[in-house]
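Student: Contents of model11.csv (CSV, C-alpha atoms and all ligand atoms) are given next:
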chain,number,residue,atom,x,y,z
A,12,MET,CA,9.0,128.8,234.0
A,13,VAL,CA,9.5,131.7,231.5
A,14,GLY,CA,13.2,130.9,231.6
A,15,LEU,CA,12.5,127.2,230.7
A,16,ARG,CA,10.2,128.1,227.8
A,17,LYS,CA,12.8,130.5,226.5
A,18,PHE,CA,15.3,127.7,226.6
A,19,PHE,CA,13.1,125.3,224.6
A,20,PHE,CA,12.4,128.1,222.1
A,21,LEU,CA,16.1,128.7,221.7
A,22,GLU,CA,16.8,125.0,221.3
A,23,LYS,CA,14.0,124.8,218.6
A,24,GLU,CA,15.5,127.8,216.9
A,25,ALA,CA,19.0,126.2,217.0
A,26,LYS,CA,17.7,123.0,215.5
A,27,THR,CA,15.9,124.9,212.7
A,28,PHE,CA,19.1,126.8,212.0
A,29,ALA,CA,21.1,123.6,211.9
A,30,ARG,CA,18.6,122.0,209.5
A,31,LEU,CA,18.7,125.1,207.3
A,32,SER,CA,22.5,125.2,207.2
A,33,ARG,CA,22.6,121.5,206.4
A,34,THR,CA,20.3,122.0,203.4
A,35,SER,CA,22.2,125.0,202.2
A,36,ARG,CA,25.4,123.0,202.5
A,37,ARG,CA,23.9,120.2,200.5
A,38,GLN,CA,22.6,122.5,197.8
A,39,PRO,CA,26.0,123.3,196.2
A,40,CYS,CA,26.9,119.6,196.1
A,41,LYS,CA,23.6,118.9,194.4
A,42,SER,CA,24.3,121.7,191.9
A,43,PHE,CA,27.8,120.4,191.3
A,44,LEU,CA,26.4,116.9,190.7
A,45,VAL,CA,23.9,118.2,188.2
A,46,LEU,CA,26.6,120.3,186.5
A,47,PHE,CA,28.9,117.2,186.4
A,48,LEU,CA,26.1,115.1,184.9
A,49,LYS,CA,25.3,117.8,182.4
A,50,LYS,CA,28.9,118.0,181.4
A,51,GLU,CA,29.0,114.2,181.0
A,52,VAL,CA,25.9,114.3,178.8
A,53,LEU,CA,27.4,117.2,176.8
A,54,SER,CA,30.6,115.2,176.3
A,55,VAL,CA,28.7,112.2,175.0
A,56,LEU,CA,26.7,114.5,172.7
A,57,VAL,CA,29.8,116.2,171.4
A,58,LEU,CA,31.5,112.8,170.9
A,59,GLY,CA,28.4,111.6,169.0
A,60,LEU,CA,28.4,114.7,166.8
A,61,CYS,CA,32.1,114.3,166.1
A,62,LEU,CA,31.6,110.7,165.1
A,63,ALA,CA,28.8,111.7,162.8
A,64,SER,CA,30.7,114.6,161.4
A,65,PRO,CA,31.7,114.2,157.7
A,66,ALA,CA,35.2,115.5,158.5
A,67,LEU,CA,36.0,112.2,160.2
A,68,ALA,CA,34.9,110.0,157.3
A,69,ALA,CA,37.7,108.3,155.3
A,70,PRO,CA,38.9,110.7,152.5
A,71,VAL,CA,38.2,109.7,148.9
A,72,VAL,CA,41.4,108.8,147.1
A,73,VAL,CA,41.8,110.9,143.9
A,74,THR,CA,44.2,109.8,141.2
A,75,SER,CA,44.9,110.6,137.5
A,76,ALA,CA,43.3,114.0,137.7
A,77,TRP,CA,43.7,116.0,134.5
A,78,ALA,CA,42.0,118.5,132.2
A,79,ARG,CA,42.2,119.0,128.5
A,80,ALA,CA,43.6,122.3,127.2
A,81,THR,CA,41.0,124.4,125.5
A,82,LEU,CA,41.1,126.3,122.2
A,83,PRO,CA,41.2,130.2,122.3
A,84,HIS,CA,37.7,131.6,122.9
A,85,GLN,CA,36.4,128.2,124.0
A,86,ASP,CA,34.7,128.7,127.3
A,87,GLU,CA,33.9,125.1,128.0
A,88,GLY,CA,36.4,122.4,129.0
A,89,ALA,CA,36.5,118.9,130.6
A,90,ALA,CA,38.3,117.4,133.5
A,91,TYR,CA,38.8,113.8,134.4
A,92,LEU,CA,39.9,111.9,137.5
A,93,THR,CA,39.6,108.5,139.2
A,94,LEU,CA,37.9,108.2,142.6
A,95,GLN,CA,38.1,105.5,145.2
A,96,SER,CA,36.3,105.5,148.6
A,97,LYS,CA,37.2,102.8,151.1
A,98,SER,CA,33.8,102.9,152.8
A,99,GLY,CA,31.6,104.1,149.9
A,100,ASP,CA,30.6,107.7,149.2
A,101,THR,CA,28.8,109.9,146.8
A,102,LEU,CA,30.2,112.8,144.8
A,103,SER,CA,27.4,115.3,145.0
A,104,ASP,CA,28.8,118.6,143.7
A,105,VAL,CA,32.0,120.0,142.2
A,106,SER,CA,33.1,123.6,141.9
A,107,SER,CA,36.2,125.5,140.6
A,108,PRO,CA,37.5,129.0,141.0
A,109,GLU,CA,38.4,128.9,137.3
A,110,ALA,CA,34.9,128.0,136.0
A,111,GLY,CA,31.5,129.6,136.5
A,112,MET,CA,30.0,126.2,137.0
A,113,VAL,CA,31.2,122.5,137.0
A,114,MET,CA,28.7,119.9,135.9
A,115,LEU,CA,28.8,116.1,136.1
A,116,HIS,CA,28.2,114.8,132.6
A,117,GLU,CA,27.8,111.4,131.1
A,118,THR,CA,28.4,110.7,127.4
A,119,ALA,CA,25.5,108.7,126.0
A,120,GLN,CA,25.1,107.3,122.5
A,121,LYS,CA,21.7,107.9,120.9
A,122,GLY,CA,20.9,107.1,117.2
A,123,GLY,CA,24.6,107.0,116.4
A,124,MET,CA,25.0,110.4,117.9
A,125,SER,CA,27.1,111.2,121.0
A,126,ASN,CA,25.2,113.2,123.6
A,127,MET,CA,26.0,114.6,127.0
A,128,VAL,CA,23.6,114.0,129.8
A,129,ASP,CA,23.6,115.7,133.2
A,130,VAL,CA,24.3,113.5,136.2
A,131,ASP,CA,23.0,114.6,139.6
A,132,HIS,CA,25.5,112.7,141.7
A,133,LEU,CA,28.1,110.0,141.3
A,134,TYR,CA,27.9,107.0,143.6
A,135,LEU,CA,31.3,105.5,144.6
A,136,PRO,CA,30.8,101.8,145.7
A,137,ALA,CA,33.1,100.8,148.7
A,138,GLY,CA,36.6,99.9,147.6
A,139,GLN,CA,35.9,100.3,143.9
A,140,SER,CA,37.7,102.7,141.5
A,141,VAL,CA,35.4,104.9,139.5
A,142,ALA,CA,37.1,106.5,136.5
A,143,LEU,CA,36.0,109.6,134.8
A,144,ALA,CA,37.4,109.5,131.3
A,145,PRO,CA,36.9,110.9,127.7
A,146,GLY,CA,33.9,109.3,126.1
A,147,GLY,CA,32.3,108.5,129.5
A,148,THR,CA,31.6,110.4,132.7
A,149,HIS,CA,33.4,113.7,132.9
A,150,LEU,CA,33.4,117.0,134.7
A,151,MET,CA,32.2,119.7,132.4
A,152,LEU,CA,33.8,123.0,133.1
A,153,MET,CA,31.3,125.8,132.1
A,154,ASP,CA,32.0,129.5,131.7
A,155,LEU,CA,35.8,129.2,132.0
A,156,LYS,CA,37.3,132.4,133.2
A,157,HIS,CA,40.2,132.0,130.8
A,158,PRO,CA,41.3,129.3,128.3
A,159,LEU,CA,43.1,126.3,129.7
A,160,GLN,CA,46.6,125.9,128.4
A,161,ALA,CA,48.9,122.9,128.7
A,162,GLY,CA,51.0,123.1,131.8
A,163,ASP,CA,48.4,125.2,133.7
A,164,THR,CA,46.8,124.0,136.9
A,165,LEU,CA,43.1,123.9,137.6
A,166,HIS,CA,41.6,123.8,141.1
A,167,LEU,CA,38.6,121.7,141.9
A,168,ALA,CA,36.6,121.4,145.1
A,169,LEU,CA,35.0,118.0,145.2
A,170,HIS,CA,32.0,117.7,147.6
A,171,PHE,CA,31.4,114.3,149.0
A,172,GLU,CA,28.4,113.3,151.1
A,173,LYS,CA,30.5,111.6,153.7
A,174,ALA,CA,34.1,112.8,153.3
A,175,GLY,CA,33.1,116.4,153.0
A,176,THR,CA,35.0,118.8,150.6
A,177,GLN,CA,38.3,117.8,149.1
A,178,ASN,CA,40.4,120.2,147.1
A,179,VAL,CA,42.3,118.8,144.1
A,180,THR,CA,44.8,120.4,141.8
A,181,VAL,CA,44.4,119.2,138.3
A,182,LYS,CA,47.1,119.3,135.6
A,183,VAL,CA,46.1,120.7,132.2
A,184,LEU,CA,47.4,118.5,129.4
A,185,GLY,CA,47.5,119.2,125.6
A,186,VAL,CA,44.4,119.6,123.4
A,187,HIS,CA,44.8,116.1,122.0
A,188,ALA,CA,45.8,114.4,125.2
A,189,THR,CA,43.9,111.3,126.2
A,190,GLY,CA,45.1,111.1,129.8
A,191,PRO,CA,48.2,111.4,132.0
A,192,VAL,CA,51.1,109.3,130.9
A,193,PRO,CA,51.7,106.7,133.7
B,1,CU,CU,30.0,117.4,129.0
Can you dump the structure from the file as structure tokens?
Ligand SMILES: [Cu+2]
Tutor:
Amino acid sequence: MVGLRKFFFLEKEAKTFARLSRTSRRQPCKSFLVLFLKKEVLSVLVLGLCLASPALAAPVVVTSAWARATLPHQDEGAAYLTLQSKSGDTLSDVSSPEAGMVMLHETAQKGGMSNMVDVDHLYLPAGQSVALAPGGTHLMLMDLKHPLQAGDTLHLALHFEKAGTQNVTVKVLGVHATGPVP
């Protein structure tokens, strides 16, 4: 009788052991599945972020970039360029290693006088060329580190809301230049 009870006990113990080992075997699979799903979710998130990233937006096409040479001791200058964005963008900021600050200005006529007005940002409608030119919208170079001489190059970093930062090399033309010769 004792022997039979011992047998049943052993059988019960064996079943518990088998159940336990089944659960512990299943556990890593479950963890792997969770890890796999997490990876999938992560990949989707990363892909989403990449698609939303400004670096993937169409670059803005910059043409006819030039700056006017400055007179000795003149620490302000002007640069002009033409911008075109295929999908539409906004020029929100400009900087240059050659200038303390670059501002976006618009020339406005008031009472027969020509005035310069600060512009916060420049909207570029999709597919349309926006030209910055003398007498209109221009990039005002403030606190120039040295006078600009014809033949020099000026470096501009254009910050667009969608396309991100684009570096442009601008040719310095003569003091009386009105634009690059096509
Ligand atoms: Cu100005």
Student: How many Å lie between CA of Trp77 in chain A and CA of Leu184 in chain A, rounded to one decimal?
Tutor: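 Between CA of Trp77 in chain A and CA of Leu184 in chain A the gap works out to 6.8 Å.
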Student: I need the residue nearest Leu152 in chain A from this list: A:Val130, A:Thr180, A:Met124, A:Leu165. Use only C-alpha atoms for the distance.
Tutor: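 Nearest to Leu152 in chain A: A:Leu165.
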Student: Can you tell me which residues sit at most 10 Å away from ligand CU 1 (chain B), counting only C-alpha atoms and all ligand atoms, written as an NGL selection string?
Tutor: :A and (87-90 or 113-118 or 126-130 or 145-153)
Student: Considering all atoms listed in the file, state which residue in the set A:Ser103, A:Ala80, A:Gln85, A:Thr93 is at the smallest distance from Thr176 in chain A.
Tutor: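 Going through A:Ser103, A:Ala80, A:Gln85, A:Thr93 one by one, the smallest distance to Thr176 in chain A is for A:Ser103.
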Student: Taking all atoms listed in the file into account, which of A:Val179, A:Leu155, A:Met112, A:Ala188 comes nearest Ala76 in chain A?
Tutor: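 Smallest distance to Ala76 in chain A is found for A:Val179.
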Student: Any idea what the distance is between CA of Thr164 in chain A and CA of Gly190 in chain A?
Tutor: 14.8 Å
Student: Provide the CA of Leu135 in chain A to CA of Val72 in chain A distance in Å, to one decimal place.
Tutor: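 Separation of CA of Leu135 in chain A and CA of Val72 in chain A: 10.9 Å.
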Student: Pull the neighbourhood of (40.4, 130.1, 130.9) for me: all residues within 9 Å in file coordinates, counting only C-alpha atoms, as a VMD selection string.
Tutor: chain A and resid 81 83 to 88 109 to 110 154 to 160
Student: Keeping C-alpha atoms for every residue in the selection just given, could you write it to a file as a PDB file, in the coordinates of the input?
Tutor:
ATOM      1  CA  THR A  81      41.000 124.400 125.500  1.00  0.00           C
ATOM      2  CA  PRO A  83      41.200 130.200 122.300  1.00  0.00           C
ATOM      3  CA  HIS A  84      37.700 131.600 122.900  1.00  0.00           C
ATOM      4  CA  GLN A  85      36.400 128.200 124.000  1.00  0.00           C
ATOM      5  CA  ASP A  86      34.700 128.700 127.300  1.00  0.00           C
ATOM      6  CA  GLU A  87      33.900 125.100 128.000  1.00  0.00           C
ATOM      7  CA  GLY A  88      36.400 122.400 129.000  1.00  0.00           C
ATOM      8  CA  GLU A 109      38.400 128.900 137.300  1.00  0.00           C
ATOM      9  CA  ALA A 110      34.900 128.000 136.000  1.00  0.00           C
ATOM     10  CA  ASP A 154      32.000 129.500 131.700  1.00  0.00           C
ATOM     11  CA  LEU A 155      35.800 129.200 132.000  1.00  0.00           C
ATOM     12  CA  LYS A 156      37.300 132.400 133.200  1.00  0.00           C
ATOM     13  CA  HIS A 157      40.200 132.000 130.800  1.00  0.00           C
ATOM     14  CA  PRO A 158      41.300 129.300 128.300  1.00  0.00           C
ATOM     15  CA  LEU A 159      43.100 126.300 129.700  1.00  0.00           C
ATOM     16  CA  GLN A 160      46.600 125.900 128.400  1.00  0.00           C
TER      17      GLN A 160
END
Student: Using only C-alpha atoms, which residue out of A:Val192, A:Val181, A:Leu94, A:Ala119 lies closest to Ser140 in chain A?
Tutor: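 Among A:Val192, A:Val181, A:Leu94, A:Ala119, it is A:Leu94 that comes nearest to Ser140 in chain A.
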